>>> print(open('input.cif').read())   # mmCIF, C-alpha atoms
data_data
loop_
_atom_site.label_atom_id
_atom_site.label_comp_id
_atom_site.auth_asym_id
_atom_site.auth_seq_id
_atom_site.Cartn_x
_atom_site.Cartn_y
_atom_site.Cartn_z
CA MET D 1 54.50 -77.41 54.94
CA ASP D 2 53.33 -73.95 56.02
CA PHE D 3 56.02 -71.30 56.42
CA ALA D 4 54.84 -71.07 60.03
CA ASP D 5 56.30 -74.55 60.52
CA LYS D 6 59.73 -72.87 60.40
CA PRO D 7 61.44 -74.56 57.46
CA TYR D 8 64.13 -71.88 57.62
CA LYS D 9 66.68 -71.22 60.31
CA LEU D 10 66.19 -68.00 62.26
CA MET D 11 68.75 -66.52 64.63
CA ASN D 12 67.44 -65.92 68.14
CA LEU D 13 69.44 -63.06 69.60
CA LYS D 14 68.99 -61.47 72.98
CA ASP D 15 68.00 -57.81 73.12
CA SER D 16 71.44 -57.00 74.46
CA GLU D 17 73.06 -58.55 71.39
CA PHE D 18 70.96 -56.89 68.72
CA SER D 19 68.51 -54.03 68.80
CA THR D 20 67.38 -51.07 66.72
CA GLU D 21 67.16 -47.67 68.33
CA ILE D 22 65.32 -44.67 66.91
CA PRO D 23 65.76 -41.21 68.48
CA THR D 24 62.53 -40.19 70.19
CA LYS D 25 61.43 -36.89 71.70
CA VAL D 26 58.16 -35.77 73.24
CA VAL D 27 56.72 -32.82 71.30
CA GLY D 28 53.95 -30.48 72.32
CA PRO D 29 51.64 -29.71 73.90
CA ILE D 30 49.13 -29.72 71.06
CA LYS D 31 45.75 -28.18 71.83
CA ILE D 32 42.96 -30.30 70.36
CA ASN D 33 39.19 -30.41 70.48
CA TYR D 34 38.37 -34.11 70.46
CA ASP D 35 35.65 -36.30 71.90
CA GLY D 36 33.66 -33.32 73.07
CA LYS D 37 36.35 -31.57 75.05
CA VAL D 38 39.34 -29.30 74.59
CA GLN D 39 42.57 -30.89 75.83
CA THR D 40 46.33 -30.66 75.43
CA VAL D 41 48.41 -33.61 74.29
CA SER D 42 52.16 -34.05 74.01
CA VAL D 43 53.31 -36.68 71.53
CA PRO D 44 56.29 -39.10 71.43
CA VAL D 45 57.87 -38.76 67.98
CA ALA D 46 60.44 -41.35 66.81
CA THR D 47 62.43 -40.23 63.79
CA PHE D 48 65.87 -39.79 62.27
CA GLU D 49 64.70 -36.55 60.65
CA ILE D 50 65.63 -34.16 63.44
CA PRO D 51 63.84 -31.06 62.03
CA LEU D 52 60.51 -32.90 62.28
CA TRP D 53 60.48 -32.38 66.05
CA SER D 54 60.81 -28.62 65.65
CA SER D 55 58.29 -28.54 62.82
CA ILE D 56 55.61 -30.29 64.87
CA ALA D 57 56.53 -28.14 67.88
CA ARG D 58 55.98 -24.90 65.92
CA GLY D 59 52.59 -26.11 64.72
CA ALA D 60 51.78 -27.13 68.29
CA LEU D 61 52.62 -23.62 69.48
CA VAL D 62 50.19 -22.26 66.89
CA SER D 63 47.49 -24.59 68.25
CA THR D 64 47.95 -23.33 71.82
CA SER D 65 47.84 -19.74 70.57
CA THR D 66 44.41 -20.30 68.98
CA ASP D 67 41.17 -22.12 69.76
CA GLY D 68 43.08 -25.30 68.92
CA ILE D 69 42.70 -28.11 66.41
CA CYS D 70 39.25 -29.59 65.91
CA VAL D 71 39.73 -33.28 65.03
CA ARG D 72 37.12 -35.91 64.26
CA VAL D 73 37.31 -39.65 63.45
CA ILE D 74 34.72 -39.97 60.70
CA ASP D 75 34.91 -43.67 59.92
CA ASP D 76 36.69 -46.81 61.10
CA ILE D 77 37.08 -49.87 58.91
CA MET D 78 39.65 -52.56 58.15
CA SER D 79 39.46 -54.37 54.84
CA ARG D 80 40.54 -57.61 53.26
CA SER D 81 39.73 -58.73 49.72
CA VAL D 82 39.66 -62.26 48.35
CA ILE D 83 39.70 -63.58 44.78
CA LEU D 84 37.32 -66.21 43.47
CA GLU D 85 37.22 -67.69 39.97
CA ALA D 86 34.00 -68.92 38.36
CA THR D 87 33.76 -71.25 35.40
CA ASP D 88 32.57 -68.35 33.24
CA LEU D 89 31.20 -64.80 33.37
CA THR D 90 27.60 -65.95 33.83
CA ASN D 91 28.40 -67.95 36.95
CA ALA D 92 30.61 -65.14 38.29
CA LEU D 93 27.66 -62.73 38.10
CA ILE D 94 25.32 -65.33 39.63
CA CYS D 95 27.73 -65.61 42.55
CA LYS D 96 27.94 -61.82 42.83
CA THR D 97 24.14 -61.64 43.09
CA TRP D 98 24.17 -64.45 45.64
CA ILE D 99 26.63 -62.50 47.80
CA ASP D 100 24.41 -59.39 47.62
CA ASP D 101 21.42 -61.49 48.72
CA HIS D 102 23.21 -63.10 51.68
CA MET D 103 24.62 -60.14 53.56
CA ASP D 104 23.02 -61.17 56.86
CA PRO D 105 24.49 -64.70 57.06
CA ILE D 106 27.87 -63.33 55.89
CA ALA D 107 27.71 -60.76 58.68
CA ASP D 108 27.00 -63.55 61.18
CA ILE D 109 30.01 -65.51 59.92
CA VAL D 110 32.26 -62.48 60.35
CA LYS D 111 30.97 -61.91 63.87
CA ASN D 112 31.61 -65.54 64.82
CA THR D 113 35.31 -65.29 63.88
CA SER D 114 36.08 -62.81 66.67
CA CYS D 115 34.62 -61.18 69.75
CA PHE D 116 35.29 -57.80 68.15
CA ALA D 117 34.79 -58.13 64.38
CA ASN D 118 31.63 -56.79 62.76
CA LEU D 119 30.87 -56.56 59.04
CA LYS D 120 30.36 -53.03 57.82
CA GLN D 121 30.47 -53.32 54.02
CA ILE D 122 31.07 -55.67 51.11
CA ASN D 123 32.18 -54.49 47.68
CA VAL D 124 32.32 -56.95 44.81
CA GLU D 125 33.97 -56.33 41.43
CA ASN D 126 34.42 -58.72 38.55
CA ILE D 127 37.01 -59.00 35.80
CA GLY D 128 35.40 -61.47 33.44
CA LYS D 129 34.98 -64.69 35.42
CA LEU D 130 37.13 -63.43 38.33
CA LEU D 131 35.43 -62.02 41.44
CA TYR D 132 37.15 -59.64 43.85
CA VAL D 133 35.28 -59.49 47.16
CA ARG D 134 36.34 -56.68 49.53
CA LEU D 135 35.16 -57.04 53.13
CA GLY D 136 35.15 -54.01 55.41
CA ILE D 137 34.93 -54.77 59.13
CA THR D 138 35.21 -52.89 62.41
CA THR D 139 37.93 -54.12 64.77
CA THR D 140 37.62 -51.88 67.89
CA ASN D 141 41.07 -51.18 69.41
CA ALA D 142 42.99 -53.56 67.13
CA SER D 143 44.39 -52.38 63.81
CA GLY D 144 42.69 -55.51 62.54
CA HIS D 145 44.91 -57.00 59.84
CA ASN D 146 44.68 -60.57 61.17
CA MET D 147 41.09 -60.14 62.31
CA ALA D 148 40.05 -59.10 58.80
CA THR D 149 42.00 -61.95 57.21
CA LYS D 150 40.43 -64.51 59.55
CA ALA D 151 36.97 -63.18 58.75
CA ALA D 152 37.69 -63.16 55.02
CA ASP D 153 38.90 -66.75 55.17
CA ALA D 154 35.65 -67.87 56.80
CA VAL D 155 33.52 -65.90 54.32
CA LEU D 156 35.56 -67.32 51.45
CA ASN D 157 34.81 -70.89 52.57
CA PHE D 158 31.11 -70.06 52.94
CA ILE D 159 30.87 -68.66 49.41
CA ILE D 160 32.73 -71.59 47.85
CA SER D 161 30.55 -74.13 49.65
CA SER D 162 27.39 -72.31 48.56
CA CYS D 163 28.28 -71.32 44.98
CA LYS D 164 29.30 -74.55 43.28
CA HIS D 165 30.81 -72.98 40.17
CA VAL D 166 33.50 -70.88 41.88
CA LYS D 167 36.87 -71.80 43.32
CA TYR D 168 39.57 -70.29 45.52
CA VAL D 169 42.29 -68.11 43.98
CA SER D 170 43.71 -66.00 46.82
CA ILE D 171 42.99 -64.87 50.37
CA SER D 172 44.35 -61.45 49.38
CA GLY D 173 43.41 -59.86 46.08
CA ASN D 174 45.04 -56.39 46.24
CA TYR D 175 41.57 -54.82 46.23
CA CYS D 176 42.01 -54.41 50.02
CA THR D 177 44.44 -52.53 49.47
CA ASP D 178 47.17 -53.48 51.97
CA LYS D 179 50.38 -51.39 52.16
CA LYS D 180 49.98 -49.93 48.69
CA VAL D 181 48.62 -46.57 47.53
CA SER D 182 45.25 -46.98 45.82
CA SER D 183 42.16 -45.07 44.83
CA VAL D 184 39.88 -47.57 46.57
CA ASN D 185 41.40 -46.87 49.98
CA GLY D 186 41.04 -43.14 49.45
CA ILE D 187 37.38 -43.61 48.51
CA LEU D 188 36.22 -46.34 50.90
CA GLY D 189 38.86 -45.83 53.59
CA ARG D 190 41.08 -48.34 55.37
CA GLY D 191 41.72 -47.83 59.05
CA LYS D 192 40.55 -44.59 60.62
CA ARG D 193 39.29 -41.78 58.37
CA VAL D 194 40.20 -38.58 60.19
CA SER D 195 39.83 -34.87 59.47
CA ALA D 196 41.44 -32.07 61.47
CA GLU D 197 41.12 -28.30 61.10
CA ILE D 198 42.40 -25.09 62.63
CA ILE D 199 41.73 -21.39 62.18
CA VAL D 200 44.93 -19.36 62.50
CA PRO D 201 44.48 -15.62 63.09
CA TYR D 202 46.45 -13.30 60.83
CA ALA D 203 48.57 -12.05 63.74
CA VAL D 204 49.52 -15.61 64.83
CA CYS D 205 50.54 -16.42 61.27
CA GLY D 206 52.94 -13.51 61.36
CA SER D 207 54.32 -13.94 64.87
CA ILE D 208 54.84 -17.73 64.91
CA LEU D 209 54.80 -18.92 61.29
CA LYS D 210 56.59 -15.83 59.93
CA THR D 211 54.33 -15.60 56.91
CA ILE D 212 50.85 -14.47 55.89
CA PRO D 213 47.74 -16.59 55.25
CA GLU D 214 47.55 -15.58 51.56
CA LYS D 215 50.95 -17.12 50.87
CA ILE D 216 50.04 -20.44 52.50
CA VAL D 217 46.76 -20.66 50.58
CA GLU D 218 48.48 -19.88 47.28
CA LEU D 219 51.30 -22.34 47.96
CA ASN D 220 48.87 -25.10 48.88
CA THR D 221 47.21 -24.69 45.47
CA LYS D 222 50.43 -24.54 43.47
CA LYS D 223 52.44 -27.16 45.39
CA ASN D 224 50.06 -29.63 47.02
CA LEU D 225 47.18 -29.53 44.55
CA LEU D 226 48.65 -28.73 41.12
CA GLY D 227 52.00 -30.34 41.85
CA SER D 228 50.30 -33.57 42.92
CA ILE D 229 48.14 -33.59 39.79
CA LEU D 230 51.20 -33.04 37.64
CA SER D 231 53.03 -35.93 39.33
CA GLY D 232 50.08 -38.30 39.05
CA GLY D 233 49.41 -38.50 42.78
CA VAL D 234 46.62 -40.92 43.77
CA ARG D 235 43.91 -39.06 45.72
CA SER D 236 46.67 -37.17 47.51
CA ALA D 237 47.59 -33.53 47.80
CA ASN D 238 49.81 -33.00 50.82
CA ALA D 239 53.35 -32.00 51.70
CA HIS D 240 54.55 -34.74 54.08
CA PHE D 241 51.86 -36.71 55.89
CA ALA D 242 54.11 -39.78 55.89
CA ASN D 243 56.76 -38.13 58.07
CA VAL D 244 54.52 -37.71 61.08
CA ALA D 245 52.51 -40.90 60.64
CA LEU D 246 55.68 -43.01 60.51
CA ALA D 247 57.23 -41.26 63.50
CA ILE D 248 54.24 -41.94 65.73
CA TYR D 249 53.71 -45.42 64.30
CA LEU D 250 57.28 -46.30 65.33
CA ALA D 251 56.87 -44.80 68.79
CA THR D 252 53.67 -46.74 69.51
CA GLY D 253 54.49 -50.18 68.08
CA GLN D 254 52.43 -50.00 64.89
CA ASP D 255 53.05 -51.87 61.63
CA ALA D 256 55.28 -49.25 60.02
CA ALA D 257 54.56 -50.43 56.46
CA ASN D 258 51.06 -48.98 56.83
CA VAL D 259 52.60 -45.54 56.43
CA VAL D 260 52.07 -46.17 52.70
CA GLU D 261 48.32 -45.81 53.22
CA ALA D 262 48.70 -43.05 55.81
CA SER D 263 50.67 -40.94 53.34
CA GLN D 264 47.49 -40.59 51.29
CA GLY D 265 45.31 -37.56 51.96
CA ILE D 266 44.54 -33.95 51.19
CA THR D 267 45.61 -30.65 52.73
CA PHE D 268 43.12 -27.82 52.28
CA ALA D 269 43.67 -24.12 52.94
CA ASN D 270 41.64 -20.98 52.33
CA LEU D 271 41.07 -17.52 53.72
CA LEU D 272 38.48 -16.63 56.34
CA GLY D 273 38.56 -12.89 56.08
CA LYS D 274 42.18 -12.12 56.90
CA ASP D 275 42.69 -15.36 58.84
CA LEU D 276 43.81 -18.81 57.66
CA TYR D 277 41.63 -21.91 57.56
CA PHE D 278 43.83 -25.03 57.35
CA SER D 279 42.88 -28.72 57.40
CA VAL D 280 44.30 -32.18 56.82
CA ASN D 281 42.16 -35.09 55.69
CA MET D 282 43.56 -38.59 56.20
CA PRO D 283 41.38 -41.56 55.09
CA ASN D 284 43.81 -44.34 56.00
CA ILE D 285 45.30 -44.09 59.48
CA ILE D 286 45.82 -47.76 60.40
CA VAL D 287 46.59 -48.03 64.10
CA GLY D 288 45.76 -50.19 67.08
CA THR D 289 46.38 -50.12 70.80
CA VAL D 290 46.29 -53.90 71.22
CA GLY D 291 48.06 -56.65 69.29
CA ASN D 292 51.54 -57.46 68.07
CA GLY D 293 54.07 -54.69 68.77
CA LYS D 294 51.84 -52.83 71.20
CA ASN D 295 52.94 -55.08 74.07
CA LEU D 296 56.59 -54.03 73.84
CA ASP D 297 57.78 -52.02 76.82
CA PHE D 298 58.42 -48.79 74.92
CA ALA D 299 55.08 -49.01 73.11
CA VAL D 300 53.15 -49.63 76.33
CA LYS D 301 54.88 -46.66 77.94
CA ASN D 302 54.16 -44.32 75.02
CA LEU D 303 50.55 -45.46 74.60
CA GLU D 304 49.90 -44.94 78.30
CA PHE D 305 51.49 -41.49 78.06
CA LEU D 306 49.02 -40.66 75.27
CA GLU D 307 46.12 -42.10 77.32
CA CYS D 308 45.72 -44.66 74.54
CA HIS D 309 46.29 -47.88 76.44
CA SER D 310 44.28 -50.85 75.17
CA SER D 311 42.15 -50.84 78.32
CA VAL D 312 40.76 -47.40 77.41
CA PRO D 313 37.57 -47.63 75.28
CA GLY D 314 38.08 -45.98 71.90
CA SER D 315 41.83 -45.68 72.46
CA ALA D 316 42.71 -46.59 68.84
CA LYS D 317 40.45 -43.82 67.55
CA ARG D 318 42.02 -41.40 70.02
CA LEU D 319 45.48 -42.37 68.76
CA ALA D 320 44.39 -41.76 65.16
CA ALA D 321 43.03 -38.35 66.15
CA ILE D 322 46.34 -37.45 67.81
CA ILE D 323 48.27 -38.53 64.70
CA ALA D 324 46.09 -36.35 62.49
CA SER D 325 46.52 -33.39 64.85
CA ALA D 326 50.31 -33.77 64.91
CA THR D 327 50.30 -34.13 61.12
CA LEU D 328 48.40 -30.86 60.82
CA CYS D 329 50.99 -29.17 63.03
CA ALA D 330 53.90 -30.35 60.88
CA GLU D 331 52.09 -29.72 57.61
CA LEU D 332 51.23 -26.15 58.62
CA SER D 333 54.77 -25.43 59.80
CA LEU D 334 56.40 -26.84 56.67
CA MET D 335 54.05 -24.97 54.33
CA ALA D 336 54.76 -21.73 56.19
CA ALA D 337 58.52 -22.33 55.94
CA ILE D 338 58.39 -22.95 52.20
CA THR D 339 56.67 -19.60 51.59
CA ASN D 340 59.95 -17.98 52.63
CA GLN D 341 62.80 -18.62 50.20
CA GLY D 342 65.70 -20.44 51.84
CA GLU D 343 64.05 -21.04 55.22
CA LEU D 344 63.64 -24.79 54.79
CA MET D 345 67.29 -25.38 53.94
CA ARG D 346 68.53 -23.00 56.64
CA SER D 347 66.47 -24.89 59.21
CA HIS D 348 67.79 -28.28 58.10
CA LEU D 349 71.39 -27.05 58.14
CA LYS D 350 70.97 -25.56 61.59
CA LEU D 351 69.24 -28.57 63.13
CA GLU D 352 70.86 -31.52 61.32
CA ARG D 353 74.35 -30.48 60.25
CA ASN D 354 77.40 -29.57 62.28
CA SER D 355 80.22 -27.24 61.31
CA LYS D 356 82.51 -30.12 60.25
CA CYS D 357 80.03 -31.79 57.91
CA LYS D 358 77.96 -29.57 55.62
#
>>> encode(input="input.cif", output="structure tokens")
Amino acid sequence: MDFADKPYKLMNLKDSEFSTEIPTKVVGPIKINYDGKVQTVSVPVATFEIPLWSSIARGALVSTSTDGICVRVIDDIMSRSVILEATDLTNALICKTWIDDHMDPIADIVKNTSCFANLKQINVENIGKLLYVRLGITTTNASGHNMATKAADAVLNFIISSCKHVKYVSISGNYCTDKKVSSVNGILGRGKRVSAEIIVPYAVCGSILKTIPEKIVELNTKKNLLGSILSGGVRSANAHFANVALAIYLATGQDAANVVEASQGITFANLLGKDLYFSVNMPNIIVGTVGNGKNLDFAVKNLEFLECHSSVPGSAKRLAAIIASATLCAELSLMAAITNQGELMRSHLKLERNSKCK
């Protein structure tokens, strides 16, 4: 019996009897250069961490006081890996070669599983007689978890029927990698790979961020880069990407567990003369504007507010670009705050605590 056959009792409660509410505020506007035009975007942010609203808002103010944030979606791919087991190493490598030689029919199989799925890459690794086959597919406005799994299932059956000395082990082999931090996702990407940058004039740094560019550049090296190396971070060097990604994921009906992948990425800062160059690079923003969760009333409302409704072509990429831009705003604001001793704690006490509970 499949677990979908409901062998367990589940309580069906009306919305009025049980619901989960997360405080949400609209933050912005953020000035971005995306899709060939400069525009301003305000963002619904759902979080229990109250200072995050102010942090994004300060970064947004910086963006409107400059030429804005240039943001680009560089790649778009959803992955699913399967595990096959051959009788021995020789047959595993024969199967690997067979897969490499049959990319076109595999691509046709993927395309036939959905109106929107297209094969973009296949990566095959072996551990002795085990084969790990990682499919990368495009999924348009869907985040693509189920689409990738359906495609992988069809490809898996095709390989097994064609390579007689291999058998099924698992539809998911952790080489995907789904909802876990991994080097492979940082290298090959999973979801939308997005980079965003801003140039902050020296005077704006002083007037809005209350610091100087040199301090932010130095802190980024000592905290984000060296600190992450010291901790054993996996292809990551950032202050708090996860905060913003989760907050917008929750507001737009995304699978919140994908914040694990979205937390991965690198913040880069250097000097341009006296001014500050600042960028965030996020290889794993997994979002969709169609599918489970996106049809809930609050999600529809927030996606339409962001001009990211499923009916808009490229809306999932636009949403990923907005997330990266908001992440840059919060990352820049937090890094500026930390350059000043005591500012971070003072801000949290002022925004989160009341006089009776400190």
>>> closest_residue(input="input.cif", among="D:Ile50, D:Val204, D:Gln264, D:Ala86", to="Lys350 (chain D)", atoms="all atoms listed in the file")
D:Ile50
>>> residues_near_point(input="input.cif", point="(59.2, -38.8, 67.8)", cutoff="6 Å", atoms="only C-alpha atoms", output="PyMOL selection string")
chain D and resi 24-25+44-47+247
>>> write_last_selection(input="input.cif", atoms="C-alpha atoms", output="PDB file, in the coordinates of the input")
ATOM      1  CA  THR D  24      62.530 -40.190  70.190  1.00  0.00           C
ATOM      2  CA  LYS D  25      61.430 -36.890  71.700  1.00  0.00           C
ATOM      3  CA  PRO D  44      56.290 -39.100  71.430  1.00  0.00           C
ATOM      4  CA  VAL D  45      57.870 -38.760  67.980  1.00  0.00           C
ATOM      5  CA  ALA D  46      60.440 -41.350  66.810  1.00  0.00           C
ATOM      6  CA  THR D  47      62.430 -40.230  63.790  1.00  0.00           C
ATOM      7  CA  ALA D 247      57.230 -41.260  63.500  1.00  0.00           C
TER       8      ALA D 247
END
>>> resolve_selection(input="input.cif", expression="the PyMOL selection byres ((chain D and resi 160-169) around 6)", output="list in words")
Ile83, Leu84, Glu85, Ala86, Thr87, Asn157, Phe158, Ile159 and Ser170 of chain D
>>> closest_residue(input="input.cif", among="D:Thr339, D:Ser236, D:Thr211, D:Thr140", to="Gly186 (chain D)", atoms="all atoms listed in the file")
D:Ser236
>>> residues_near_point(input="input.cif", point="(46.3, -14.3, 62.2)", cutoff="8 Å", atoms="all atoms listed in the file", output="list of chain:residue names")
D:Val200, D:Pro201, D:Tyr202, D:Ala203, D:Val204, D:Cys205, D:Gly206, D:Ile212, D:Pro213, D:Lys274, D:Asp275, D:Leu276
>>> residues_around(input="input.cif", residues="Asp76 (chain D)", least_positions_apart="4", cutoff="8 Å", atoms="all atoms listed in the file", output="list in words")
Thr138, Gly189, Arg190, Gly191, Lys192 and Arg193 of chain D
>>> closest_atom_pairs(input="input.cif", of="region 89-147 of chain D", to="region 281-300 of chain D", cutoff="8 Å", atoms="all atoms listed in the file", output="CSV")
residue,atom,partner,partner_atom,distance
D:Asn141,CA,D:Gly288,CA,5.3
D:Ala142,CA,D:Gly288,CA,4.4
D:Ser143,CA,D:Gly288,CA,4.2
D:Gly144,CA,D:Gly288,CA,7.6
>>> write_last_selection(input="input.cif", atoms="C-alpha atoms", output="PDB file, keeping the file's coordinate frame")
ATOM      1  CA  ASN D 141      41.070 -51.180  69.410  1.00  0.00           C
ATOM      2  CA  ALA D 142      42.990 -53.560  67.130  1.00  0.00           C
ATOM      3  CA  SER D 143      44.390 -52.380  63.810  1.00  0.00           C
ATOM      4  CA  GLY D 144      42.690 -55.510  62.540  1.00  0.00           C
TER       5      GLY D 144
END
>>> closest_residue(input="input.cif", among="D:Ile322, D:Ile127, D:Leu272, D:Leu334", to="Thr40 (chain D)", atoms="all atoms listed in the file")
D:Ile322
>>> resolve_selection(input="input.cif", expression="the PyMOL selection byres ((chain D and resi 265) around 12)", output="JSON, numbers by chain")
{"D": [181, 182, 183, 185, 186, 187, 189, 193, 194, 195, 196, 224, 225, 228, 233, 234, 235, 236, 237, 238, 239, 240, 241, 242, 245, 259, 260, 261, 262, 263, 264, 266, 267, 268, 279, 280, 281, 282, 283, 284, 285, 324, 327, 328, 331]}
>>> resolve_selection(input="input.cif", expression="the PyMOL selection byres ((chain D and resi 97) around 12)", output="list in words")
Thr90, Asn91, Ala92, Leu93, Ile94, Cys95, Lys96, Trp98, Ile99, Asp100, Asp101, His102, Met103, Asn123, Val124, Glu125, Asn126, Leu131, Ile159 and Cys163 of chain D
>>> build_atoms(input="input.cif", residues="region 276-289 of chain D", atoms="N, CA and C atoms", output="mmCIF file, in the frame of the given file")
data_model
loop_
_atom_site.group_PDB
_atom_site.id
_atom_site.type_symbol
_atom_site.label_atom_id
_atom_site.label_comp_id
_atom_site.auth_asym_id
_atom_site.auth_seq_id
_atom_site.Cartn_x
_atom_site.Cartn_y
_atom_site.Cartn_z
ATOM 1 N N LEU D 276 43.544 -17.603 58.429
ATOM 2 C CA LEU D 276 43.810 -18.810 57.660
ATOM 3 C C LEU D 276 42.974 -19.975 58.178
ATOM 4 N N TYR D 277 42.259 -20.621 57.264
ATOM 5 C CA TYR D 277 41.630 -21.910 57.560
ATOM 6 C C TYR D 277 42.535 -22.984 56.977
ATOM 7 N N PHE D 278 42.873 -24.004 57.792
ATOM 8 C CA PHE D 278 43.830 -25.030 57.350
ATOM 9 C C PHE D 278 43.346 -26.381 57.858
ATOM 10 N N SER D 279 43.325 -27.385 56.971
ATOM 11 C CA SER D 279 42.880 -28.720 57.400
ATOM 12 C C SER D 279 43.686 -29.820 56.723
ATOM 13 N N VAL D 280 43.735 -30.964 57.407
ATOM 14 C CA VAL D 280 44.300 -32.180 56.820
ATOM 15 C C VAL D 280 43.218 -33.253 56.871
ATOM 16 N N ASN D 281 43.185 -34.061 55.819
ATOM 17 C CA ASN D 281 42.160 -35.090 55.690
ATOM 18 C C ASN D 281 42.845 -36.401 55.356
ATOM 19 N N MET D 282 42.786 -37.356 56.295
ATOM 20 C CA MET D 282 43.560 -38.590 56.200
ATOM 21 C C MET D 282 42.602 -39.790 56.255
ATOM 22 N N PRO D 283 42.353 -40.460 55.127
ATOM 23 C CA PRO D 283 41.380 -41.560 55.090
ATOM 24 C C PRO D 283 41.903 -42.911 55.532
ATOM 25 N N ASN D 284 43.224 -43.013 55.770
ATOM 26 C CA ASN D 284 43.810 -44.340 56.000
ATOM 27 C C ASN D 284 44.818 -44.371 57.138
ATOM 28 N N ILE D 285 44.407 -43.967 58.325
ATOM 29 C CA ILE D 285 45.300 -44.090 59.480
ATOM 30 C C ILE D 285 45.041 -45.456 60.115
ATOM 31 N N ILE D 286 45.979 -46.379 59.927
ATOM 32 C CA ILE D 286 45.820 -47.760 60.400
ATOM 33 C C ILE D 286 46.624 -47.945 61.681
ATOM 34 N N VAL D 287 45.924 -47.916 62.804
ATOM 35 C CA VAL D 287 46.590 -48.030 64.100
ATOM 36 C C VAL D 287 45.756 -48.888 65.040
ATOM 37 N N GLY D 288 46.429 -49.452 66.022
ATOM 38 C CA GLY D 288 45.760 -50.190 67.080
ATOM 39 C C GLY D 288 46.451 -49.937 68.395
ATOM 40 N N THR D 289 45.769 -50.255 69.474
ATOM 41 C CA THR D 289 46.380 -50.120 70.800
ATOM 42 C C THR D 289 46.490 -51.489 71.476
#
